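To start, the structure under review is shown below, and the notes come after it.
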Amino acid sequence: MDFRLRPVSFTDLAGWQDDDPSVLLPAMARCRDHIVNNKPYKTGGLGISAAELLPALEAAAMHTPASASESRIFFEEWFSPFRIEKVDGTEGFLTAYYEPEVEVKAEPNQDFRYPFYRRPADLADIDDANRPSGMDPYFAFGWMQEAGIREYPDRAAIEQGFLAGRQLEIAWARSKVDVYFAHIQGAARLLYPDGSLRRITYAAKTGHPFSPIGKLLIDRGEIDRATVSMASIRDWLARNPDRMDEVLWHNRSFIFFREAEVEDSSLGPIAAAKVPLVPGRSLAVDRLIHTFGLPFYITSETLTVIDEGKSFQRLMLALDTGSAIVGPARGDIFTGSGEAAGDRAGSVRNAADFFILIPKQAAARYLHGQG
(Lines give C-alpha, C1' and ligand atoms only; values in the text may rest on other atoms or scores of the structure.)
Protein backbone atom coordinates (compact mmCIF):
# COMPACT_ATOMS: atom_id res chain seq x y z
CA MET A 1 0.00 0.00 0.00
CA ASP A 2 1.04 3.62 -0.46
CA PHE A 3 0.62 4.41 3.22
CA ARG A 4 1.50 3.07 6.64
CA LEU A 5 -0.05 3.25 10.08
CA ARG A 6 2.04 4.52 12.98
CA PRO A 7 0.71 3.75 16.47
CA VAL A 8 0.23 6.78 18.70
CA SER A 9 -1.44 7.44 22.04
CA PHE A 10 -4.54 9.49 22.68
CA THR A 11 -2.36 12.08 24.41
CA ASP A 12 -0.64 12.57 21.04
CA LEU A 13 -3.90 13.74 19.46
CA ALA A 14 -3.91 17.54 19.47
CA GLY A 15 -7.05 18.83 21.19
CA TRP A 16 -8.31 15.40 22.24
CA GLN A 17 -8.90 16.47 25.85
CA ASP A 18 -11.16 19.31 24.66
CA ASP A 19 -13.27 17.30 22.22
CA ASP A 20 -16.78 16.08 22.99
CA PRO A 21 -17.54 13.05 20.80
CA SER A 22 -20.76 12.16 22.67
CA VAL A 23 -22.94 12.59 19.57
CA LEU A 24 -21.05 9.77 17.86
CA LEU A 25 -22.27 7.05 20.21
CA PRO A 26 -25.89 7.16 18.97
CA ALA A 27 -24.54 7.19 15.41
CA MET A 28 -22.48 4.10 16.18
CA ALA A 29 -25.57 2.44 17.61
CA ARG A 30 -27.37 3.09 14.32
CA CYS A 31 -24.43 1.50 12.47
CA ARG A 32 -24.74 -1.49 14.77
CA ASP A 33 -28.44 -1.81 13.95
CA HIS A 34 -27.73 -1.76 10.23
CA ILE A 35 -25.02 -4.41 10.48
CA VAL A 36 -27.16 -6.71 12.63
CA ASN A 37 -30.51 -6.21 10.92
CA ASN A 38 -29.39 -5.78 7.30
CA LYS A 39 -25.86 -6.69 6.26
CA PRO A 40 -22.28 -5.95 7.33
CA TYR A 41 -20.32 -3.16 5.73
CA LYS A 42 -17.81 -4.25 3.10
CA THR A 43 -14.29 -4.58 4.44
CA GLY A 44 -11.97 -1.95 3.00
CA GLY A 45 -8.49 -2.69 1.75
CA LEU A 46 -7.05 -1.87 5.18
CA GLY A 47 -8.65 -5.12 6.34
CA ILE A 48 -10.74 -4.01 9.32
CA SER A 49 -14.02 -5.94 9.13
CA ALA A 50 -17.46 -5.06 10.39
CA ALA A 51 -17.25 -8.13 12.63
CA GLU A 52 -14.17 -6.69 14.36
CA LEU A 53 -15.91 -3.32 14.74
CA LEU A 54 -19.22 -4.76 15.98
CA PRO A 55 -18.30 -5.26 19.68
CA ALA A 56 -17.45 -1.55 19.99
CA LEU A 57 -20.68 -0.63 18.22
CA GLU A 58 -22.61 -2.92 20.58
CA ALA A 59 -20.97 -1.22 23.54
CA ALA A 60 -21.80 2.21 22.14
CA ALA A 61 -25.46 1.20 21.85
CA MET A 62 -25.47 0.35 25.56
CA HIS A 63 -23.53 3.39 26.73
CA THR A 64 -25.01 6.75 27.69
CA PRO A 65 -22.15 9.04 28.73
CA ALA A 66 -22.82 11.68 31.34
CA SER A 67 -20.06 13.98 30.09
CA ALA A 68 -17.58 14.63 27.31
CA SER A 69 -14.92 13.05 29.49
CA GLU A 70 -16.90 9.81 29.76
CA SER A 71 -17.32 9.76 25.99
CA ARG A 72 -13.59 10.11 25.45
CA ILE A 73 -12.93 7.35 27.97
CA PHE A 74 -15.25 5.07 25.98
CA PHE A 75 -13.15 5.51 22.84
CA GLU A 76 -9.92 5.14 24.79
CA GLU A 77 -11.16 1.80 26.17
CA TRP A 78 -12.34 0.35 22.87
CA PHE A 79 -9.93 1.74 20.27
CA SER A 80 -6.24 2.28 19.54
CA PRO A 81 -5.26 5.37 17.52
CA PHE A 82 -2.90 5.22 14.53
CA ARG A 83 -1.58 8.06 12.41
CA ILE A 84 -2.09 7.55 8.68
CA GLU A 85 1.20 8.39 6.96
CA LYS A 86 1.41 8.52 3.18
CA VAL A 87 4.58 6.99 1.79
CA ASP A 88 5.20 9.97 -0.49
CA GLY A 89 5.20 12.29 2.53
CA THR A 90 2.29 14.46 1.38
CA GLU A 91 -0.35 15.62 3.82
CA GLY A 92 -3.92 14.49 4.09
CA PHE A 93 -6.61 16.66 2.53
CA LEU A 94 -10.08 17.77 3.60
CA THR A 95 -13.04 19.14 1.70
CA ALA A 96 -16.65 19.42 2.85
CA TYR A 97 -20.17 18.96 1.59
CA TYR A 98 -23.66 19.79 2.78
CA GLU A 99 -27.36 19.23 2.15
CA PRO A 100 -28.79 22.16 0.17
CA GLU A 101 -32.25 23.50 0.93
CA VAL A 102 -34.06 24.36 -2.31
CA GLU A 103 -37.40 26.09 -2.84
CA VAL A 104 -39.53 23.98 -5.18
CA LYS A 105 -43.02 23.51 -6.57
CA ALA A 106 -44.79 20.25 -7.27
CA GLU A 107 -45.74 21.45 -10.77
CA PRO A 108 -43.68 23.58 -13.17
CA ASN A 109 -44.44 27.15 -14.14
CA GLN A 110 -42.56 29.97 -15.85
CA ASP A 111 -40.31 30.49 -12.84
CA PHE A 112 -39.96 26.94 -11.53
CA ARG A 113 -38.90 24.84 -14.52
CA TYR A 114 -35.78 22.86 -13.56
CA PRO A 115 -36.63 19.33 -12.37
CA PHE A 116 -35.15 16.85 -9.96
CA TYR A 117 -35.53 13.41 -11.56
CA ARG A 118 -36.26 9.95 -10.20
CA ARG A 119 -34.29 7.00 -11.54
CA PRO A 120 -35.41 5.99 -15.05
CA ALA A 121 -36.56 2.42 -15.67
CA ASP A 122 -34.08 1.96 -18.52
CA LEU A 123 -31.06 2.72 -16.31
CA ALA A 124 -29.29 -0.58 -15.64
CA ASP A 125 -26.77 -1.47 -12.94
CA ILE A 126 -23.51 -2.67 -14.46
CA ASP A 127 -20.92 -5.03 -13.02
CA ASP A 128 -18.30 -7.34 -14.46
CA ALA A 129 -20.96 -9.92 -15.28
CA ASN A 130 -22.93 -7.74 -17.72
CA ARG A 131 -20.44 -5.03 -18.74
CA PRO A 132 -20.24 -4.78 -22.54
CA SER A 133 -16.87 -5.40 -24.13
CA GLY A 134 -14.98 -2.14 -24.46
CA MET A 135 -17.03 -0.16 -21.94
CA ASP A 136 -14.95 1.81 -19.46
CA PRO A 137 -14.73 -0.17 -16.17
CA TYR A 138 -15.64 3.06 -14.34
CA PHE A 139 -19.26 2.81 -15.47
CA ALA A 140 -21.53 1.31 -12.81
CA PHE A 141 -24.70 2.26 -14.72
CA GLY A 142 -25.74 2.06 -18.36
CA TRP A 143 -28.62 2.36 -20.80
CA MET A 144 -30.56 -0.87 -21.27
CA GLN A 145 -31.55 -1.28 -24.91
CA GLU A 146 -32.89 -4.25 -26.86
CA ALA A 147 -29.49 -4.66 -28.46
CA GLY A 148 -27.74 -4.55 -25.08
CA ILE A 149 -26.27 -2.04 -22.65
CA ARG A 150 -24.62 1.16 -23.82
CA GLU A 151 -23.65 4.50 -22.22
CA TYR A 152 -26.62 6.42 -20.83
CA PRO A 153 -27.28 9.88 -22.34
CA ASP A 154 -25.34 12.50 -20.41
CA ARG A 155 -26.18 15.75 -18.63
CA ALA A 156 -26.47 17.79 -21.82
CA ALA A 157 -28.89 15.33 -23.41
CA ILE A 158 -31.04 15.08 -20.30
CA GLU A 159 -31.22 18.84 -19.77
CA GLN A 160 -32.21 19.22 -23.43
CA GLY A 161 -35.23 16.95 -22.93
CA PHE A 162 -34.18 13.31 -23.13
CA LEU A 163 -36.37 12.36 -20.12
CA ALA A 164 -39.29 14.65 -20.94
CA GLY A 165 -42.71 13.03 -20.80
CA ARG A 166 -41.74 10.08 -18.59
CA GLN A 167 -43.28 11.50 -15.39
CA LEU A 168 -39.98 11.18 -13.53
CA GLU A 169 -39.99 14.69 -12.08
CA ILE A 170 -40.02 14.82 -8.27
CA ALA A 171 -40.28 18.62 -8.04
CA TRP A 172 -39.28 21.75 -9.93
CA ALA A 173 -36.72 24.33 -8.82
CA ARG A 174 -36.29 27.97 -9.77
CA SER A 175 -32.56 27.71 -10.49
CA LYS A 176 -30.64 25.30 -12.69
CA VAL A 177 -27.57 26.07 -10.57
CA ASP A 178 -29.42 24.99 -7.40
CA VAL A 179 -30.25 21.71 -9.08
CA TYR A 180 -26.67 21.26 -10.23
CA PHE A 181 -25.22 21.77 -6.75
CA ALA A 182 -27.78 19.36 -5.29
CA HIS A 183 -26.35 16.85 -7.77
CA ILE A 184 -22.85 17.60 -6.49
CA GLN A 185 -23.93 17.11 -2.87
CA GLY A 186 -26.03 14.03 -3.64
CA ALA A 187 -29.00 15.17 -1.56
CA ALA A 188 -31.25 18.14 -0.80
CA ARG A 189 -34.10 19.30 1.38
CA LEU A 190 -37.02 20.52 -0.73
CA LEU A 191 -39.08 23.39 0.68
CA TYR A 192 -42.60 23.59 -0.76
CA PRO A 193 -44.81 26.72 -0.82
CA ASP A 194 -46.98 25.40 2.04
CA GLY A 195 -43.92 25.20 4.27
CA SER A 196 -43.61 21.43 4.12
CA LEU A 197 -40.15 19.96 3.91
CA ARG A 198 -39.15 16.77 2.12
CA ARG A 199 -35.80 15.22 1.38
CA ILE A 200 -34.32 13.74 -1.76
CA THR A 201 -31.28 11.49 -1.63
CA TYR A 202 -29.05 9.83 -4.17
CA ALA A 203 -30.62 6.93 -6.08
CA ALA A 204 -28.34 6.43 -9.10
CA LYS A 205 -26.42 8.29 -11.79
CA THR A 206 -25.85 8.08 -15.52
CA GLY A 207 -22.46 6.53 -14.90
CA HIS A 208 -20.27 9.11 -16.61
CA PRO A 209 -17.18 10.20 -14.66
CA PHE A 210 -17.56 13.33 -12.54
CA SER A 211 -15.77 16.30 -14.13
CA PRO A 212 -15.45 19.29 -11.75
CA ILE A 213 -16.44 22.59 -13.31
CA GLY A 214 -14.27 24.45 -10.81
CA LYS A 215 -11.18 22.86 -12.35
CA LEU A 216 -12.47 23.75 -15.82
CA LEU A 217 -12.86 27.40 -14.84
CA ILE A 218 -9.41 27.44 -13.24
CA ASP A 219 -7.82 25.90 -16.33
CA ARG A 220 -9.50 28.54 -18.48
CA GLY A 221 -8.25 31.35 -16.26
CA GLU A 222 -11.78 32.35 -15.23
CA ILE A 223 -11.29 31.71 -11.49
CA ASP A 224 -8.14 31.93 -9.37
CA ARG A 225 -7.02 28.54 -8.09
CA ALA A 226 -6.16 30.08 -4.70
CA THR A 227 -9.67 31.41 -4.13
CA VAL A 228 -11.89 28.85 -5.87
CA SER A 229 -14.93 27.87 -3.81
CA MET A 230 -18.56 27.00 -4.31
CA ALA A 231 -19.41 30.68 -3.82
CA SER A 232 -16.93 31.84 -6.47
CA ILE A 233 -18.24 29.23 -8.94
CA ARG A 234 -21.84 30.32 -8.29
CA ASP A 235 -20.83 33.93 -8.75
CA TRP A 236 -19.16 33.17 -12.09
CA LEU A 237 -22.24 31.28 -13.33
CA ALA A 238 -24.51 34.17 -12.28
CA ARG A 239 -22.33 36.63 -14.20
CA ASN A 240 -22.11 34.46 -17.30
CA PRO A 241 -25.61 33.08 -17.96
CA ASP A 242 -24.93 32.73 -21.69
CA ARG A 243 -22.04 30.36 -20.96
CA MET A 244 -23.71 28.46 -18.11
CA ASP A 245 -24.92 25.43 -20.06
CA GLU A 246 -21.60 24.89 -21.78
CA VAL A 247 -19.81 24.88 -18.41
CA LEU A 248 -22.35 22.74 -16.56
CA TRP A 249 -22.48 20.23 -19.42
CA HIS A 250 -18.73 19.75 -19.08
CA ASN A 251 -19.71 17.51 -16.14
CA ARG A 252 -21.47 14.73 -18.05
CA SER A 253 -22.44 12.90 -14.84
CA PHE A 254 -26.11 13.32 -13.90
CA ILE A 255 -27.71 12.29 -10.61
CA PHE A 256 -31.12 10.70 -10.01
CA PHE A 257 -32.88 10.93 -6.65
CA ARG A 258 -35.39 9.17 -4.47
CA GLU A 259 -37.79 10.82 -2.04
CA ALA A 260 -37.46 10.47 1.73
CA GLU A 261 -39.05 11.93 4.83
CA VAL A 262 -37.20 14.36 7.09
CA GLU A 263 -37.62 12.26 10.23
CA ASP A 264 -35.13 14.17 12.38
CA SER A 265 -34.28 17.69 11.27
CA SER A 266 -31.09 17.65 13.36
CA LEU A 267 -29.61 14.87 11.22
CA GLY A 268 -28.61 14.78 7.59
CA PRO A 269 -29.67 12.37 4.86
CA ILE A 270 -29.05 8.64 4.94
CA ALA A 271 -25.71 8.13 3.27
CA ALA A 272 -23.60 5.26 1.95
CA ALA A 273 -23.37 3.62 5.38
CA LYS A 274 -27.20 3.44 5.38
CA VAL A 275 -27.55 5.63 8.47
CA PRO A 276 -28.22 9.38 8.79
CA LEU A 277 -25.27 11.74 8.63
CA VAL A 278 -24.36 13.67 11.78
CA PRO A 279 -23.59 17.32 10.95
CA GLY A 280 -20.00 18.22 11.69
CA ARG A 281 -19.13 14.68 12.73
CA SER A 282 -19.62 12.56 9.61
CA LEU A 283 -16.76 11.89 7.23
CA ALA A 284 -16.83 10.59 3.68
CA VAL A 285 -13.84 8.32 3.07
CA ASP A 286 -12.40 6.09 0.37
CA ARG A 287 -14.50 2.96 0.84
CA LEU A 288 -11.99 0.86 -1.10
CA ILE A 289 -9.57 1.45 1.80
CA HIS A 290 -11.68 2.17 4.87
CA THR A 291 -14.65 0.38 6.40
CA PHE A 292 -17.76 2.36 7.30
CA GLY A 293 -18.38 2.87 11.01
CA LEU A 294 -14.74 3.46 11.93
CA PRO A 295 -13.84 6.60 13.92
CA PHE A 296 -11.24 9.05 12.61
CA TYR A 297 -9.63 11.87 14.54
CA ILE A 298 -8.88 14.78 12.21
CA THR A 299 -6.75 17.84 12.91
CA SER A 300 -6.09 20.83 10.68
CA GLU A 301 -4.45 24.04 11.84
CA THR A 302 -5.68 25.95 8.79
CA LEU A 303 -9.30 24.81 8.87
CA THR A 304 -11.05 27.38 11.06
CA VAL A 305 -14.43 28.03 9.39
CA ILE A 306 -16.19 25.13 11.15
CA ASP A 307 -15.21 25.75 14.78
CA GLU A 308 -15.71 29.52 14.94
CA GLY A 309 -12.13 30.48 14.19
CA LYS A 310 -10.48 27.62 16.09
CA SER A 311 -8.33 25.01 14.40
CA PHE A 312 -10.25 21.87 13.51
CA GLN A 313 -9.61 19.05 16.02
CA ARG A 314 -12.46 16.58 16.11
CA LEU A 315 -13.44 12.91 16.24
CA MET A 316 -15.45 11.86 13.19
CA LEU A 317 -17.25 8.75 12.00
CA ALA A 318 -16.81 7.26 8.52
CA LEU A 319 -20.38 7.18 7.19
CA ASP A 320 -20.13 8.12 3.53
CA THR A 321 -18.00 8.02 0.39
CA GLY A 322 -17.71 9.84 -2.92
CA SER A 323 -16.14 9.48 -6.34
CA ALA A 324 -13.69 12.31 -5.60
CA ILE A 325 -12.70 10.91 -2.20
CA VAL A 326 -9.69 8.81 -3.09
CA GLY A 327 -6.76 7.87 -0.87
CA PRO A 328 -6.04 6.85 2.72
CA ALA A 329 -5.91 10.38 4.15
CA ARG A 330 -8.67 12.03 2.14
CA GLY A 331 -11.91 13.10 3.79
CA ASP A 332 -15.08 15.04 3.08
CA ILE A 333 -16.83 16.59 6.09
CA PHE A 334 -20.63 16.81 6.18
CA THR A 335 -21.32 20.30 7.55
CA GLY A 336 -25.12 20.07 7.81
CA SER A 337 -28.16 21.39 5.93
CA GLY A 338 -29.08 24.79 4.54
CA GLU A 339 -27.34 27.95 3.42
CA ALA A 340 -25.04 28.43 6.43
CA ALA A 341 -23.81 24.84 6.13
CA GLY A 342 -23.21 25.45 2.45
CA ASP A 343 -21.16 28.56 3.18
CA ARG A 344 -18.96 26.54 5.52
CA ALA A 345 -18.62 23.60 3.17
CA GLY A 346 -17.81 25.70 0.14
CA SER A 347 -14.59 27.09 1.57
CA VAL A 348 -13.07 23.89 2.99
CA ARG A 349 -9.94 22.83 1.09
CA ASN A 350 -7.37 22.20 3.78
CA ALA A 351 -4.37 20.06 4.58
CA ALA A 352 -5.01 17.82 7.58
CA ASP A 353 -3.61 15.04 9.74
CA PHE A 354 -5.62 11.82 9.79
CA PHE A 355 -5.70 9.37 12.68
CA ILE A 356 -7.74 6.18 12.44
CA LEU A 357 -9.12 4.52 15.56
CA ILE A 358 -8.89 0.75 15.20
CA PRO A 359 -10.78 -1.66 17.49
CA LYS A 360 -8.30 -3.00 20.03
CA GLN A 361 -8.90 -6.63 19.07
CA ALA A 362 -7.76 -5.80 15.51
CA ALA A 363 -5.07 -3.26 16.41
CA ALA A 364 -2.32 -5.82 17.06
CA ARG A 365 -2.03 -6.41 13.32
CA TYR A 366 -0.92 -2.80 12.82
CA LEU A 367 1.39 -2.24 15.77
CA HIS A 368 4.53 -2.53 13.66
CA GLY A 369 3.60 0.06 11.06
CA GLN A 370 1.82 -2.29 8.69
CA GLY A 371 -0.70 -0.78 6.31
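So you can find residues: chains in the C-alpha coordinates are A, B, ... in the order shown, residues in each start at 1, and ligands are numbered from 1 in order.
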task: Assign secondary structure with DSSP using the backbone only, and return the residues of segment 66-295 of chain A in alpha helix (DSSP H) as a PyMOL selection string.
output: chain A and resi 68-78+155-157+176-185+213-219+230-239+244-248
- request: Name the residues in contact with Leu5 of chain A at a cut-off of 12 Å, using only C-alpha atoms, excluding same-chain residues fewer than 2 positions from it; report them as number ranges by chain.
  value: A: 1-3, 7-8, 46, 80-87, 328-329, 354-358, 363-371
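Distances here use only C-alpha atoms; by that measure, the residue among A:Phe181, A:Trp249, A:Trp143, A:Phe292 closest to Arg32 of chain A is A:Phe292.
By only C-alpha atoms, and with residues fewer than 2 positions from segment 126-142 of chain A along its chain excluded, the set lying at most 12 Å from it is Arg119, Pro120, Ala121, Asp122, Leu123, Ala124, Met144, Gln145, Ala147, Gly148, Ile149, Arg150, Glu151, Tyr152, Pro153, Asp154, Ala203, Ala204, Lys205, Thr206, Gly207, His208, Pro209, Phe210, Ser253, Phe254, Ile255, Phe256 and Ser323 of chain A.
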message: For the strand (DSSP E) assignment from backbone DSSP, which residues of segment 135-242 of chain A qualify? Please present them as an MDAnalysis selection string.
response: chainID A and resid 141:145 148:150 169:173 187:191 197:205
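Distances from A:Pro26, A:Ile35, A:Glu99, A:Arg330 to Ala60 of chain A were compared using only C-alpha atoms, and the smallest one belongs to A:Pro26.
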message: Applying 12 Å and only C-alpha atoms, which residues near Lys310 of chain A remain after dropping the ones on its own chain fewer than 2 positions away? List them as JSON, numbers by chain.
response: {"A": [15, 18, 299, 300, 301, 302, 303, 304, 305, 306, 307, 308, 312, 313, 314]}
Take the residues just selected and output them with N, CA, C and O atoms as a PDB file, in the first residue's frame.
ATOM      1  N   GLY A  15      -5.688  18.419  20.869  1.00  0.00           N
ATOM      2  CA  GLY A  15      -7.047  18.832  21.186  1.00  0.00           C
ATOM      3  C   GLY A  15      -7.959  17.733  21.685  1.00  0.00           C
ATOM      4  O   GLY A  15      -9.140  17.990  21.962  1.00  0.00           O
ATOM      5  N   ASP A  18     -10.120  18.278  24.750  1.00  0.00           N
ATOM      6  CA  ASP A  18     -11.163  19.305  24.656  1.00  0.00           C
ATOM      7  C   ASP A  18     -12.335  18.878  23.780  1.00  0.00           C
ATOM      8  O   ASP A  18     -13.338  19.605  23.681  1.00  0.00           O
ATOM      9  N   THR A 299      -7.231  16.530  12.466  1.00  0.00           N
ATOM     10  CA  THR A 299      -6.752  17.836  12.913  1.00  0.00           C
ATOM     11  C   THR A 299      -6.254  18.638  11.712  1.00  0.00           C
ATOM     12  O   THR A 299      -5.632  18.098  10.805  1.00  0.00           O
ATOM     13  N   SER A 300      -6.561  19.932  11.729  1.00  0.00           N
ATOM     14  CA  SER A 300      -6.087  20.831  10.677  1.00  0.00           C
ATOM     15  C   SER A 300      -5.928  22.222  11.265  1.00  0.00           C
ATOM     16  O   SER A 300      -6.910  22.840  11.693  1.00  0.00           O
ATOM     17  N   GLU A 301      -4.708  22.710  11.285  1.00  0.00           N
ATOM     18  CA  GLU A 301      -4.455  24.039  11.841  1.00  0.00           C
ATOM     19  C   GLU A 301      -5.091  25.127  10.994  1.00  0.00           C
ATOM     20  O   GLU A 301      -5.489  26.171  11.507  1.00  0.00           O
ATOM     21  N   THR A 302      -5.193  24.903   9.682  1.00  0.00           N
ATOM     22  CA  THR A 302      -5.676  25.954   8.790  1.00  0.00           C
ATOM     23  C   THR A 302      -7.188  25.959   8.616  1.00  0.00           C
ATOM     24  O   THR A 302      -7.748  26.939   8.123  1.00  0.00           O
ATOM     25  N   LEU A 303      -7.849  24.880   9.016  1.00  0.00           N
ATOM     26  CA  LEU A 303      -9.303  24.814   8.872  1.00  0.00           C
ATOM     27  C   LEU A 303      -9.954  25.443  10.099  1.00  0.00           C
ATOM     28  O   LEU A 303      -9.975  24.852  11.179  1.00  0.00           O
ATOM     29  N   THR A 304     -10.489  26.646   9.926  1.00  0.00           N
ATOM     30  CA  THR A 304     -11.054  27.376  11.061  1.00  0.00           C
ATOM     31  C   THR A 304     -12.508  27.802  10.846  1.00  0.00           C
ATOM     32  O   THR A 304     -13.108  28.363  11.758  1.00  0.00           O
ATOM     33  N   VAL A 305     -13.082  27.531   9.665  1.00  0.00           N
ATOM     34  CA  VAL A 305     -14.435  28.026   9.387  1.00  0.00           C
ATOM     35  C   VAL A 305     -15.511  27.202  10.075  1.00  0.00           C
ATOM     36  O   VAL A 305     -16.658  27.645  10.193  1.00  0.00           O
ATOM     37  N   ILE A 306     -15.170  25.996  10.549  1.00  0.00           N
ATOM     38  CA  ILE A 306     -16.188  25.131  11.146  1.00  0.00           C
ATOM     39  C   ILE A 306     -16.316  25.366  12.642  1.00  0.00           C
ATOM     40  O   ILE A 306     -17.418  25.359  13.192  1.00  0.00           O
ATOM     41  N   ASP A 307     -15.192  25.588  13.318  1.00  0.00           N
ATOM     42  CA  ASP A 307     -15.205  25.754  14.778  1.00  0.00           C
ATOM     43  C   ASP A 307     -14.980  27.196  15.200  1.00  0.00           C
ATOM     44  O   ASP A 307     -14.191  27.488  16.097  1.00  0.00           O
ATOM     45  N   GLU A 308     -15.676  28.118  14.540  1.00  0.00           N
ATOM     46  CA  GLU A 308     -15.707  29.524  14.939  1.00  0.00           C
ATOM     47  C   GLU A 308     -14.315  30.102  15.141  1.00  0.00           C
ATOM     48  O   GLU A 308     -14.005  30.723  16.165  1.00  0.00           O
ATOM     49  N   PHE A 312      -9.382  23.049  13.501  1.00  0.00           N
ATOM     50  CA  PHE A 312     -10.247  21.871  13.507  1.00  0.00           C
ATOM     51  C   PHE A 312      -9.537  20.715  14.201  1.00  0.00           C
ATOM     52  O   PHE A 312      -8.454  20.281  13.780  1.00  0.00           O
ATOM     53  N   GLN A 313     -10.137  20.182  15.269  1.00  0.00           N
ATOM     54  CA  GLN A 313      -9.615  19.047  16.025  1.00  0.00           C
ATOM     55  C   GLN A 313     -10.820  18.270  16.525  1.00  0.00           C
ATOM     56  O   GLN A 313     -11.433  18.635  17.540  1.00  0.00           O
ATOM     57  N   ARG A 314     -11.153  17.173  15.830  1.00  0.00           N
ATOM     58  CA  ARG A 314     -12.456  16.581  16.107  1.00  0.00           C
ATOM     59  C   ARG A 314     -12.495  15.100  15.733  1.00  0.00           C
ATOM     60  O   ARG A 314     -11.921  14.676  14.734  1.00  0.00           O
TER      61      ARG A 314
END
- prompt: Counting only C-alpha atoms, what is within 8 Å of Arg72 of chain A, bar same-chain residues fewer than 3 positions away, as number ranges by chain?
  reply: A: 17, 19-22, 68-69, 75-76
Please write the residues from the selection above to a file, keeping N, CA, C and O atoms, as a PDB file, in the first residue's frame.
ATOM      1  N   GLN A  17      -8.313  16.247  24.521  1.00  0.00           N
ATOM      2  CA  GLN A  17      -8.895  16.469  25.850  1.00  0.00           C
ATOM      3  C   GLN A  17      -9.980  17.548  25.846  1.00  0.00           C
ATOM      4  O   GLN A  17     -10.705  17.688  26.835  1.00  0.00           O
ATOM      5  N   ASP A  19     -12.217  17.723  23.143  1.00  0.00           N
ATOM      6  CA  ASP A  19     -13.269  17.297  22.216  1.00  0.00           C
ATOM      7  C   ASP A  19     -14.409  16.624  22.978  1.00  0.00           C
ATOM      8  O   ASP A  19     -14.204  16.000  24.024  1.00  0.00           O
ATOM      9  N   ASP A  20     -15.611  16.759  22.426  1.00  0.00           N
ATOM     10  CA  ASP A  20     -16.782  16.082  22.992  1.00  0.00           C
ATOM     11  C   ASP A  20     -17.415  15.217  21.901  1.00  0.00           C
ATOM     12  O   ASP A  20     -18.228  15.687  21.104  1.00  0.00           O
ATOM     13  N   PRO A  21     -17.033  13.937  21.845  1.00  0.00           N
ATOM     14  CA  PRO A  21     -17.544  13.049  20.797  1.00  0.00           C
ATOM     15  C   PRO A  21     -18.838  12.332  21.175  1.00  0.00           C
ATOM     16  O   PRO A  21     -19.184  11.319  20.557  1.00  0.00           O
ATOM     17  N   SER A  22     -19.577  12.855  22.162  1.00  0.00           N
ATOM     18  CA  SER A  22     -20.762  12.161  22.671  1.00  0.00           C
ATOM     19  C   SER A  22     -21.777  11.842  21.579  1.00  0.00           C
ATOM     20  O   SER A  22     -22.424  10.784  21.596  1.00  0.00           O
ATOM     21  N   ALA A  68     -18.537  14.779  28.406  1.00  0.00           N
ATOM     22  CA  ALA A  68     -17.582  14.629  27.309  1.00  0.00           C
ATOM     23  C   ALA A  68     -16.428  13.737  27.726  1.00  0.00           C
ATOM     24  O   ALA A  68     -15.921  12.930  26.931  1.00  0.00           O
ATOM     25  N   SER A  69     -16.015  13.862  28.985  1.00  0.00           N
ATOM     26  CA  SER A  69     -14.919  13.052  29.488  1.00  0.00           C
ATOM     27  C   SER A  69     -15.257  11.566  29.429  1.00  0.00           C
ATOM     28  O   SER A  69     -14.432  10.739  29.018  1.00  0.00           O
ATOM     29  N   PHE A  75     -13.975   5.754  24.020  1.00  0.00           N
ATOM     30  CA  PHE A  75     -13.148   5.511  22.838  1.00  0.00           C
ATOM     31  C   PHE A  75     -11.748   5.048  23.232  1.00  0.00           C
ATOM     32  O   PHE A  75     -11.145   4.206  22.548  1.00  0.00           O
ATOM     33  N   GLU A  76     -11.234   5.570  24.325  1.00  0.00           N
ATOM     34  CA  GLU A  76      -9.923   5.138  24.791  1.00  0.00           C
ATOM     35  C   GLU A  76      -9.936   3.669  25.204  1.00  0.00           C
ATOM     36  O   GLU A  76      -8.933   2.962  25.039  1.00  0.00           O
TER      37      GLU A  76
END
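Among A:Ile158, A:Val285, A:Ala271, A:Val326, the residue with the shortest atom-to-atom distance to Ala187 of chain A, counting only C-alpha atoms, is A:Ala271.
Distance check against Tyr180 of chain A using only C-alpha atoms: of A:Tyr114, A:Tyr97, A:Tyr202, A:Phe79, the minimum falls on A:Tyr114.
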